[in-house]
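What follows is a short report on a single structure.
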Amino acid sequence: MIKQEIAIISDIHGNSLALKKVLEDINNRGIKTIINLGDSLYGPLDPKGTFELLQKHNVISISGNQDRFIRENLSEKTDFITLEYVKSQIDDKVIEWLNSLPFDTIYDDKIYCCHASPQNDSIYLLESLEKDYVAIKDKNEIDALLTHVKQSIVICGHSHVSKIVETDNKLIVNSGSVGLPAYDDDLPIYHKMENYNPYANYAILNFYDNSIKVDKIAIKYDSESAAKLAELNNRDDWATWIRTGIV
């Protein structure tokens with residue numbers, strides 16, 4: 001018999017259409033606890049609607065690197081068109097929420113929750129960036145990053161690609177991305193993260209008496225409408241990523 005179920009979401013990036021479907025699926029499964037691992041609002045989509053959904057469903061949230069990016073640039077105009085769009089869509093209530101988000105958290109004394117890694121909200125915990133491909137770090141390297149984490153279960157996001165990695169000491173679950181199935185980045189070197197599909201992803205932790213089961217969930221939603229909204233807000237690249245899961 002399952003003793004506890006926890007839904008893990010991350011990297012919504014303002015995609016309220018994807019989030020709504022994911023939350024409906026979670027509700028249909030009767031799961032009451034939802035943990036959100038950050039990068040919630042940043043994107044050329046629907047930041048305010050995303051915030052309202054998270055509030056309505058009492059989602060436990062932490063900060064991601066792009067939540068921090070919004071907070072750090074509230075007072076001055078920038079050249080980032082998507083950042084300026086997000087800032088134009090949010091109000092004081094949303095900003096207060098962003099400012100309240102912790103870097104990381106521990107749930108029920110048994111799950112350590114971070115956006116990317118315990119050291120930095122922009123450094124991948126699991127992924128190793130090579131010149132022409134993305135690999136998984138050596139298990140000893142992952143354990144070294146988690147030296148100060150006492151919990152045996154670690155959940156993270158940031159890479160937008162769902163993974164389950166078991167080391168000698170930890171079970172690490174990356175829940176994937178709810179709202180953005182592909183992207184590219186120049187830092188620290190150029191790399192691409194791709195799912196090769198437009199689905200919204202999340203994960204479920206099922207706790208039994210003496211074991212745990214992890215379900216990786218992919219949900220179909222109206223990704224075309226989300227892509228068109230990205231186009232409307234001057235991000236054709238995001239539109240392609242949302243439609244295809246490919247850069």
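Each chain in the structure tokens gets a letter, A, B, ..., in the order shown, and its residues are numbered from 1; ligands are numbered from 1 in order too.
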Using only C-alpha atoms, which residues sit within 12 Å of A:Asp25 once same-chain residues fewer than 3 positions away are excluded, as JSON, numbers by chain?
{"A": [7, 18, 19, 20, 21, 22, 28, 29, 30, 31, 32, 34, 200, 201, 202, 203, 204, 217, 218, 219, 220, 221]}
Using only C-alpha atoms, can you tell me which of A:Phe103, A:Trp97, A:Tyr196, A:Tyr85 comes closest to A:Arg235?
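When distances to A:Arg235 are compared using only C-alpha atoms, the smallest one comes from A:Tyr85.
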Could you pull out the helix (DSSP H, G or I) residues of stretch 28-123 of chain A from DSSP and send them as a count of residues only?
37
DSSP strand (DSSP E) residues within stretch 66-199 of chain A, listed as a ChimeraX atom specification
/A:104-107,111-114,127-129,134-136,153-156,163-166,171-174,182-185,191-194
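Within 6 Å of A:Pro44, once only C-alpha atoms are used and residues closer than 4 positions along the same chain are dropped, the contacting residues are Thr82, Ala230 and Asn233 of chain A.
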Taking 6 positions as the minimum chain separation for residues in the same chain, which residues sit within 6 Å of stretch 64-66 of chain A when counting only C-alpha atoms? Answer as an MDAnalysis selection string.
chainID A and resid 38:39 115 121:122
